[in-house]
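Engineer: Take a look at upload_12.cif, mmCIF, C-alpha atoms:
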data_start
loop_
_atom_site.label_atom_id
_atom_site.label_comp_id
_atom_site.auth_asym_id
_atom_site.auth_seq_id
_atom_site.Cartn_x
_atom_site.Cartn_y
_atom_site.Cartn_z
CA MET A 274 84.26 102.04 87.46
CA THR A 275 85.51 104.82 89.68
CA LEU A 276 89.10 105.47 90.62
CA LEU A 277 88.30 104.65 94.25
CA ASN A 278 86.91 101.28 93.16
CA ARG A 279 90.06 100.46 91.21
CA VAL A 280 92.36 101.53 94.03
CA LEU A 281 90.43 99.49 96.60
CA GLY A 282 90.33 96.47 94.30
CA VAL A 283 94.04 96.53 93.49
CA ALA A 284 94.99 97.19 97.11
CA GLY A 285 92.74 94.35 98.24
CA VAL A 286 94.28 91.87 95.84
CA VAL A 287 97.84 92.94 96.72
CA VAL A 288 97.21 92.73 100.48
CA LEU A 289 95.39 89.39 100.12
CA LEU A 290 98.24 87.87 98.09
CA GLY A 291 100.75 89.36 100.53
CA GLY A 292 98.94 87.66 103.40
CA ILE A 293 99.00 84.34 101.60
CA ALA A 294 102.72 84.72 100.85
CA LEU A 295 103.32 85.70 104.47
CA GLY A 296 101.73 82.44 105.55
CA PHE A 297 104.42 80.42 103.77
CA ARG A 298 107.29 82.38 105.34
CA SER A 299 109.53 80.27 107.58
CA VAL A 300 109.25 80.81 111.32
CA SER A 301 111.98 79.99 113.82
CA SER A 302 112.29 80.45 117.54
CA SER A 303 115.45 80.16 119.64
CA GLY A 304 117.26 78.58 116.71
CA ALA A 305 114.61 75.89 116.17
CA TYR A 306 112.91 75.64 112.79
CA CYS A 307 109.15 75.78 113.38
CA GLY A 308 107.78 75.63 109.84
CA SER A 309 105.30 78.26 108.64
CA ALA A 310 101.86 79.52 109.61
CA PHE A 311 100.27 77.21 107.03
CA ARG A 312 102.48 74.18 107.56
CA THR A 313 104.33 73.38 110.76
CA ALA A 314 107.61 71.50 110.77
CA ALA A 315 107.44 67.73 110.50
CA GLY A 316 107.29 65.81 113.73
CA ILE A 317 106.88 67.34 117.15
CA THR A 318 107.83 71.00 117.26
CA PRO A 319 109.53 72.41 120.37
CA MET A 320 107.41 74.37 122.84
CA THR A 321 109.32 77.53 121.91
CA CYS A 322 107.60 77.33 118.52
CA ASP A 323 104.11 77.64 119.99
CA SER A 324 104.14 81.38 120.50
CA ALA A 325 106.05 82.05 117.27
CA LEU A 326 103.57 80.00 115.21
CA SER A 327 100.63 81.56 117.03
CA SER A 328 101.90 85.07 116.33
CA ALA A 329 102.57 84.22 112.68
CA GLY A 330 99.09 82.73 112.32
CA THR A 331 97.49 85.80 113.87
CA LEU A 332 99.44 88.13 111.58
CA VAL A 333 98.47 86.13 108.49
CA THR A 334 94.82 86.10 109.54
CA VAL A 335 94.75 89.86 110.09
CA VAL A 336 96.47 90.64 106.77
CA ILE A 337 94.15 88.34 104.81
CA ALA A 338 91.10 89.82 106.59
CA VAL A 339 92.21 93.36 105.70
CA GLY A 340 92.66 92.30 102.06
CA ALA A 341 89.20 90.74 102.02
CA ALA A 342 87.73 93.88 103.61
CA LEU A 343 89.31 96.03 100.90
CA LEU A 344 87.84 93.79 98.19
CA ILE A 345 84.41 93.96 99.84
CA ALA A 346 84.72 97.74 100.00
CA ALA A 347 85.56 97.83 96.28
CA ILE A 348 82.45 95.78 95.50
CA ALA A 349 80.32 98.03 97.73
CA VAL A 350 81.63 101.17 96.01
CA LYS A 351 80.80 99.64 92.63
CA LYS A 352 77.25 98.77 93.75
CA PHE A 353 76.59 102.18 95.28
CA ALA A 354 78.06 104.00 92.27
CA GLY A 355 75.68 102.03 90.05
CA ARG A 356 72.70 103.16 92.14
CA VAL A 357 73.73 106.80 92.06
CA ASP A 358 74.14 106.80 88.25
CA ALA A 359 70.79 105.04 87.65
#
Give the structure from the file, written as structure tokens.
Structural biologist:
Amino acid sequence: MTLLNRVLGVAGVVVLLGGIALGFRSVSSSGAYCGSAFRTAAGITPMTCDSALSSAGTLVTVVIAVGAALLIAAIAVKKFAGRVDA
């Protein structure tokens, strides 16, 4: 296992877990509690929450996608390093 592989793997896991934690962070807009990206507030949320929840959902999606991309890169580095050594 190369150093690059370890760095990519650890960074991928940290960013992925950070994205998941970010999804549970509370979102509010104009003083109204909107819930989180994964779970909206109970009942009907005010219209001011729409853009806040949409932005939070987009941010969570991007962070999780970056974490997944880092993990895929770590796997690719491991596969290519195995071919070079063989």
Engineer: Could you give me, as an mmCIF file with C-alpha atoms, in the coordinates of the input, the residues within 10 Å of region 312-327 of chain A, counting all atoms listed in the file and dropping anything in the same chain fewer than 6 positions from it?
Structural biologist:
data_model
loop_
_atom_site.group_PDB
_atom_site.id
_atom_site.type_symbol
_atom_site.label_atom_id
_atom_site.label_comp_id
_atom_site.auth_asym_id
_atom_site.auth_seq_id
_atom_site.Cartn_x
_atom_site.Cartn_y
_atom_site.Cartn_z
ATOM 1 C CA GLY A 296 101.730 82.440 105.550
ATOM 2 C CA PHE A 297 104.420 80.420 103.770
ATOM 3 C CA ARG A 298 107.290 82.380 105.340
ATOM 4 C CA SER A 299 109.530 80.270 107.580
ATOM 5 C CA VAL A 300 109.250 80.810 111.320
ATOM 6 C CA SER A 301 111.980 79.990 113.820
ATOM 7 C CA SER A 302 112.290 80.450 117.540
ATOM 8 C CA SER A 303 115.450 80.160 119.640
ATOM 9 C CA GLY A 304 117.260 78.580 116.710
ATOM 10 C CA ALA A 305 114.610 75.890 116.170
ATOM 11 C CA TYR A 306 112.910 75.640 112.790
ATOM 12 C CA VAL A 333 98.470 86.130 108.490
#
Engineer: Once the PyMOL selection byres ((chain A and resi 340-349) around 8) has been applied to the shown file, what residues remain in the selection, as JSON, numbers by chain?
Structural biologist: {"A": [277, 278, 279, 281, 282, 284, 285, 286, 287, 288, 289, 292, 336, 337, 338, 339, 350, 351, 352, 353]}
Engineer: What gap, in Å, lies between CA of Ala310 (chain A) and CA of Thr334 (chain A)?
Structural biologist: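 Going from CA of Ala310 (chain A) over to CA of Thr334 (chain A) covers 9.6 Å.
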Engineer: Go through A:Arg356, A:Leu295, A:Thr275, A:Ser309 and flag the residue nearest Leu332 (chain A), using all atoms listed in the file for the distances.
Structural biologist: A:Leu295
Engineer: Would you compute an axis-aligned box for region 296-311 of chain A, covering every atom listed for it in the file with 6 Å of margin on each side, and report centre and edge lengths in Å to one decimal as AutoDock Vina command-line options?
Structural biologist:
--center_x 108.8 --center_y 79.0 --center_z 111.7 --size_x 29.0 --size_y 18.8 --size_z 27.9
Engineer: Could you add N, CA, C and O atoms to region 323-343 of chain A and give me the result as a compact mmCIF listing (two decimals), keeping the file's coordinate frame?
Structural biologist:
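So the final result, stored in part_3.txt, reads:
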# COMPACT_ATOMS: atom_id res chain seq x y z
N ASP A 323 105.53 77.37 119.81
CA ASP A 323 104.11 77.64 119.99
C ASP A 323 103.76 79.11 119.85
O ASP A 323 102.86 79.48 119.09
N SER A 324 104.47 79.96 120.57
CA SER A 324 104.14 81.38 120.50
C SER A 324 104.53 81.99 119.15
O SER A 324 103.82 82.85 118.62
N ALA A 325 105.63 81.53 118.57
CA ALA A 325 106.05 82.05 117.27
C ALA A 325 105.04 81.68 116.19
O ALA A 325 104.66 82.52 115.36
N LEU A 326 104.57 80.44 116.20
CA LEU A 326 103.57 80.00 115.21
C LEU A 326 102.23 80.68 115.45
O LEU A 326 101.52 81.03 114.50
N SER A 327 101.88 80.88 116.71
CA SER A 327 100.63 81.56 117.03
C SER A 327 100.66 83.00 116.55
O SER A 327 99.69 83.49 115.95
N SER A 328 101.77 83.68 116.78
CA SER A 328 101.90 85.07 116.33
C SER A 328 101.88 85.15 114.81
O SER A 328 101.24 86.04 114.24
N ALA A 329 102.56 84.23 114.14
CA ALA A 329 102.57 84.22 112.68
C ALA A 329 101.17 83.95 112.14
O ALA A 329 100.73 84.58 111.18
N GLY A 330 100.46 83.03 112.75
CA GLY A 330 99.09 82.73 112.32
C GLY A 330 98.15 83.91 112.51
O GLY A 330 97.32 84.20 111.65
N THR A 331 98.30 84.61 113.62
CA THR A 331 97.49 85.80 113.87
C THR A 331 97.78 86.89 112.85
O THR A 331 96.86 87.51 112.31
N LEU A 332 99.05 87.12 112.56
CA LEU A 332 99.44 88.13 111.58
C LEU A 332 98.88 87.80 110.20
O LEU A 332 98.33 88.67 109.51
N VAL A 333 99.00 86.55 109.79
CA VAL A 333 98.47 86.13 108.49
C VAL A 333 96.97 86.32 108.44
O VAL A 333 96.42 86.83 107.45
N THR A 334 96.27 85.96 109.49
CA THR A 334 94.82 86.10 109.54
C THR A 334 94.40 87.56 109.42
O THR A 334 93.48 87.89 108.67
N VAL A 335 95.09 88.43 110.14
CA VAL A 335 94.75 89.86 110.09
C VAL A 335 95.01 90.44 108.71
O VAL A 335 94.17 91.17 108.16
N VAL A 336 96.14 90.10 108.10
CA VAL A 336 96.47 90.64 106.77
C VAL A 336 95.47 90.15 105.73
O VAL A 336 94.99 90.92 104.89
N ILE A 337 95.12 88.87 105.77
CA ILE A 337 94.15 88.34 104.81
C ILE A 337 92.77 88.98 105.04
O ILE A 337 92.06 89.29 104.09
N ALA A 338 92.39 89.19 106.29
CA ALA A 338 91.10 89.82 106.59
C ALA A 338 91.06 91.26 106.08
O ALA A 338 90.03 91.70 105.55
N VAL A 339 92.15 91.99 106.22
CA VAL A 339 92.21 93.36 105.70
C VAL A 339 92.09 93.35 104.18
O VAL A 339 91.38 94.17 103.60
N GLY A 340 92.77 92.42 103.51
CA GLY A 340 92.66 92.30 102.06
C GLY A 340 91.24 91.99 101.63
O GLY A 340 90.72 92.58 100.66
N ALA A 341 90.59 91.08 102.34
CA ALA A 341 89.20 90.74 102.02
C ALA A 341 88.28 91.95 102.26
O ALA A 341 87.36 92.20 101.47
N ALA A 342 88.54 92.69 103.32
CA ALA A 342 87.73 93.88 103.61
C ALA A 342 87.88 94.93 102.51
O ALA A 342 86.90 95.58 102.12
N LEU A 343 89.10 95.09 102.00
CA LEU A 343 89.31 96.03 100.90
C LEU A 343 88.56 95.59 99.64
O LEU A 343 87.98 96.42 98.93
